Amino acid sequence: MSSVPLSQITLTDPFWSGWQKTVIETTLPQQFEQLVATNRIANFELAAGRKEGAFEGLRFNDSDVYKFLEACAYSLAVAERRPELKAAADRVRGIVDTCIDVIGAAQMPDGYINTYFQLGHPSKRWLNLNAMHEMYSGGHLIEAGVALFECTGDRPLLDIGIRFADHVMSVFGPDTRRGYCGHQEIELALVRLAAATGEAKYADFANWMVEERGHAPSVFEAELGDPESVALAPEAARLLIGTGEYCGDYCQDHAPIREHTEVVGHAVRAMYYYIAAADLAADKGDSALEEALERVWSNLINRRMYVTAGIGPSASNEGFTGDFDLPNLTAYAETCASIGLVFWGHKMLELTGNSDYADVLERALYNGALSGISLSGDRYFYTNPLESRGSHQRVPWFLCACCPPNIARLIGNLAHYAVGASSDTLYLHVPVGFEADVELGGGPVHLSCKSNYPWSGEMEVIISPDHPRDFAVAVRIPGWADDVSFDIENAVEEAEYQNGYAVFRRTWQAGDKLKIEFEMEPKWIEADPRVRDNLGRAALMRGPLVYCAEQHDVTYTPQLFMADTEAPVELGQNASLGVTTMVVEGACEVELFPEGLYAEVGATDVAGSTATYIPFYAWNNRGATNMQVWTRKL
């Protein structure tokens with residue numbers, strides 16, 4: 001299967017079509033203002049010789065501009081099929097053209113581009129691969145160029161990316177210099193470049209880097225012994241353990257990828273690495289590589305993933321620690337990491353056809369990733385804890401601003417992850433509403449899907465081929481759904497069930513309707529008792545959404561609650577947030593401690609209380625306050 005191109009599909013459900021409107025009208029202009037205000041754009045102008053001055057910001061700030069441009073590309077494709085967004089799209093188009101012009105002017109004759117080095121360290125290019133992010137930034141340049149080419153047909157940024165890729169391949173390779181980036185990204189970008197250009201050499205080079213990582217001695221060990229290299233980035237010493245020995249866990253350089261058994265190190269780096277590997281495994285039919293990826297995936301989702309599909313509990317390495325170490329209050333759970341999990345889950349879904357990957361993709365999408373952006377579209381979370389005591393707050397930007405453009409590109413390209421197709425099958429991975437025109441069964445088919453997901457589990461798909469045609473519609477049955485029903489008007493065909501999909505294969509005629517209903521009941525769920533923070537606690541879910549209690553909606557701080565998980569849960573509405581709430585009416589108890597810090601056992605009073613829960617992604621949109629996902633059980 002492959003994704004349906006954005007030029008052929010429009011999201012129409014109120015949820016995601018609204019988010020895409022917010023991104024193109026609010027998010028992208030706000031992010032460009034921040035790129036200008038923090039001199040990220042000015043760095044390119046300096047490198048192009050259009051201004052005088054010195055580089056400002058972090059050494060990898062170029063990448064934020066590239067990710068922003070990729071987000072713009074997807075939004076332009078979305079707007080092409082939504083006339084009401086034309087005015088916003090015209091503004092974005094002007095921003096894109098301005099950025100591409102200055103990026104092209106900044107690129108050096110040999111194809112190299114990185115304003116940090118060009119402006120401050122021109123003689124030290126490629127001296128510290130572990131920490132300086134030259135390939136990482138260039139990878140995002142390549143991805144942006146591919147996205148703009150695929151979405152608009154424009155080549156200028158793609159050509160800039162090609163020149164950079166060719167430059168990298170002239171410096172590194174099996175016959176020249178061994179090397180790969182400390183922060184993975186260019187590997188997956190080169191695979192995309194190969195697909196866009198038809199040039200297999202880019203995928204072959206990506207494969208070499210993926211396979212080369214983890215073999216001793218690491219290329220990073222020599223850098224750690226070079227004073228000039230270490231001087232560029234003293235924090236590279238994090239790759240040394242207490243004895244002074246090299247440890248590659250942080251950047252997944254601890255073992256060759258085919259020997260990986262668990263997910264370690266920096267969470268975003270790991271996700272980007274495994275995305276590229278999954279793409280390569282699919283292209284080459286490499287079952288051994290696929291098995292290695294499945295082992296790591298199993299370790300991640302069964303032992304190291306939050307219920308929100310947040311990943312990476314530790315701030316010290318922005319990543320993983322050990323099995324079942326999932327603290328709530330201090331959870332790092334970087335927005336970019338959950339976005340990376342969406343990307344990797346989608347690649348594994350396409351590689352295997354197994355809906356289990358779509359279950360995780362969906363959970364990450366609606367919870368761990370979406371919580372990273374405010375409902376207004378102009379404030380962000382970098383970290384996404386599952387508990388707050390009032391200190392966590394959304395902000396309009398970050399010094400390290402990887403997350404804002406990352407969430408913008410995810411939302412813009414959402415249809416890519418929700419709907420797929422092969423020559424004879426349409427795949428509905430996530431039940432979004434959409435209009436699409438695809439080739440199925442040898443001819444054109446118009447598809448219209450009505451949905452109010454994630455608030456309702458009801459869908460209606462209207463299938464209209466130009467002539468009666470034989471093909472299949474495959475509908476994923478979500479892992480959270482205890483019951484599901486299907487109905488095709490005036491038909492008796494029953495579904496076949498394959499890898500978690502209900503597959504309807506028949507001769508479809510114009511106007512045929514497939515009605516789907518997923519049971520969407522509130523559920524209390526528990527964690528493995530080895531997750532110590534969640535002992536005696538439960539979390540509330542409905543459909544794909546994880547819910548939380550926020551003190552804005554309750555009398556007492558949520559940390560005091562004890563919930564009766566057998567009591568009925570009623571649905572409610574919060575108009576200001578635009579969400580369906582979950583109300584546990586009078587079935588929660590709150591401990592009221594007597595005056596003083598300590599008291600005898602039994603002195604505590606208990607009061608009954610009603611608790612209202614909101615979707616996790618919507619918390620902290622009314623100001624900082626206490627919040628909790630996991631509630632103590634009565």
# chains A, B, ... in the order shown; residues from 1 in each chain; ligands from 1
call {"tool": "residues_around", "arguments": {"residues": "Ala315 in chain A", "least_positions_apart": "6", "cutoff": "9 Å", "atoms": "only C-alpha atoms", "output": "number ranges by chain"}}
result
A: 330-333
call {"tool": "residues_around", "arguments": {"residues": "Asp482 in chain A", "least_positions_apart": "5", "cutoff": "12 Å", "atoms": "only C-alpha atoms", "output": "MDAnalysis selection string"}}
result
chainID A and resid 457 477 517:523 542:543
call {"tool": "atom_distance", "arguments": {"atom1": "CA of Val601 in chain A", "atom2": "CA of Ala538 in chain A"}}
result
24.6 Å
call {"tool": "select_by_dssp", "arguments": {"residues": "range 371-548 of chain A", "states": "strand (DSSP E or B)", "output": "PyMOL selection string"}}
result
chain A and resi 373+380+387-389+395+419-421+425-428+434-440+443-451+458-465+469-476+484-488+496-498+501-508+512-518+523-525+537-542+545-548
call {"tool": "atom_distance", "arguments": {"atom1": "CA of Ala282 in chain A", "atom2": "CA of Ala408 in chain A"}}
result
27.2 Å
call {"tool": "closest_atom_pairs", "arguments": {"of": "range 128-237 of chain A", "to": "range 105-120 of chain A", "cutoff": "6 Å", "atoms": "only C-alpha atoms", "output": "JSON lines"}}
result
{"residue": "A:Arg163", "atom": "CA", "partner": "A:Gly111", "partner_atom": "CA", "distance": 4.8}
{"residue": "A:Phe164", "atom": "CA", "partner": "A:Gly111", "partner_atom": "CA", "distance": 4.7}
{"residue": "A:His167", "atom": "CA", "partner": "A:Gly111", "partner_atom": "CA", "distance": 5.4}
call {"tool": "write_last_selection", "arguments": {"atoms": "N, CA and C atoms", "output": "compact mmCIF listing (two decimals), in the first residue's frame"}}
result
# COMPACT_ATOMS: atom_id res chain seq x y z
N ARG A 163 21.75 19.21 -4.57
CA ARG A 163 23.15 19.64 -4.55
C ARG A 163 23.80 19.34 -3.19
N PHE A 164 23.04 19.52 -2.11
CA PHE A 164 23.58 19.20 -0.79
C PHE A 164 23.82 17.70 -0.66
N HIS A 167 26.83 16.70 -2.50
CA HIS A 167 28.03 17.12 -1.78
C HIS A 167 28.37 16.13 -0.67
call {"tool": "residues_around", "arguments": {"residues": "Leu634 in chain A", "least_positions_apart": "3", "cutoff": "9 Å", "atoms": "only C-alpha atoms", "output": "compact mmCIF listing (two decimals) with all heavy atoms, in the first residue's frame"}}
result
# COMPACT_ATOMS: atom_id res chain seq x y z
N GLY A 536 -2.28 1.03 41.60
CA GLY A 536 -3.54 1.42 42.22
C GLY A 536 -4.24 2.56 41.51
O GLY A 536 -5.14 3.19 42.08
N ARG A 537 -3.88 2.82 40.27
CA ARG A 537 -4.46 3.94 39.52
C ARG A 537 -5.10 3.45 38.22
O ARG A 537 -4.81 2.36 37.74
CB ARG A 537 -3.40 5.00 39.21
CG ARG A 537 -2.83 5.66 40.46
CD ARG A 537 -1.70 6.62 40.12
NE ARG A 537 -1.16 7.22 41.33
CZ ARG A 537 -1.56 8.37 41.85
NH1 ARG A 537 -2.51 9.05 41.25
NH2 ARG A 537 -1.01 8.84 42.95
N MET A 562 -10.07 9.94 44.19
CA MET A 562 -10.12 8.48 44.11
C MET A 562 -11.39 8.14 43.35
O MET A 562 -12.48 8.55 43.76
CB MET A 562 -10.13 7.85 45.50
CG MET A 562 -8.88 8.10 46.33
SD MET A 562 -8.96 7.32 47.96
CE MET A 562 -10.22 8.35 48.74
N ALA A 563 -11.27 7.42 42.25
CA ALA A 563 -12.41 7.20 41.36
C ALA A 563 -12.99 5.81 41.54
O ALA A 563 -12.26 4.82 41.70
CB ALA A 563 -12.00 7.39 39.91
N ASP A 564 -14.31 5.74 41.50
CA ASP A 564 -15.01 4.46 41.44
C ASP A 564 -15.08 4.06 39.97
O ASP A 564 -15.89 4.60 39.21
CB ASP A 564 -16.41 4.61 42.03
CG ASP A 564 -17.21 3.31 41.99
OD1 ASP A 564 -16.67 2.30 41.49
OD2 ASP A 564 -18.36 3.32 42.44
N THR A 565 -14.24 3.13 39.58
CA THR A 565 -14.16 2.76 38.16
C THR A 565 -15.32 1.89 37.70
O THR A 565 -15.42 1.56 36.52
CB THR A 565 -12.83 2.04 37.87
OG1 THR A 565 -12.72 0.89 38.72
CG2 THR A 565 -11.64 2.97 38.12
N CYS A 588 -16.57 10.00 42.70
CA CYS A 588 -15.19 10.18 43.13
C CYS A 588 -15.18 10.60 44.59
O CYS A 588 -16.09 11.28 45.07
CB CYS A 588 -14.48 11.25 42.29
SG CYS A 588 -14.10 10.71 40.62
N GLU A 589 -14.15 10.20 45.28
CA GLU A 589 -13.97 10.63 46.65
C GLU A 589 -12.70 11.45 46.76
O GLU A 589 -11.74 11.21 46.02
CB GLU A 589 -13.90 9.43 47.61
CG GLU A 589 -15.23 8.70 47.75
CD GLU A 589 -15.18 7.61 48.80
OE1 GLU A 589 -14.08 7.39 49.37
OE2 GLU A 589 -16.22 6.98 49.05
call {"tool": "closest_residue", "arguments": {"among": "A:Arg295, A:Arg91, A:Arg177, A:Arg59", "to": "His121 in chain A", "atoms": "only C-alpha atoms"}}
result
A:Arg59
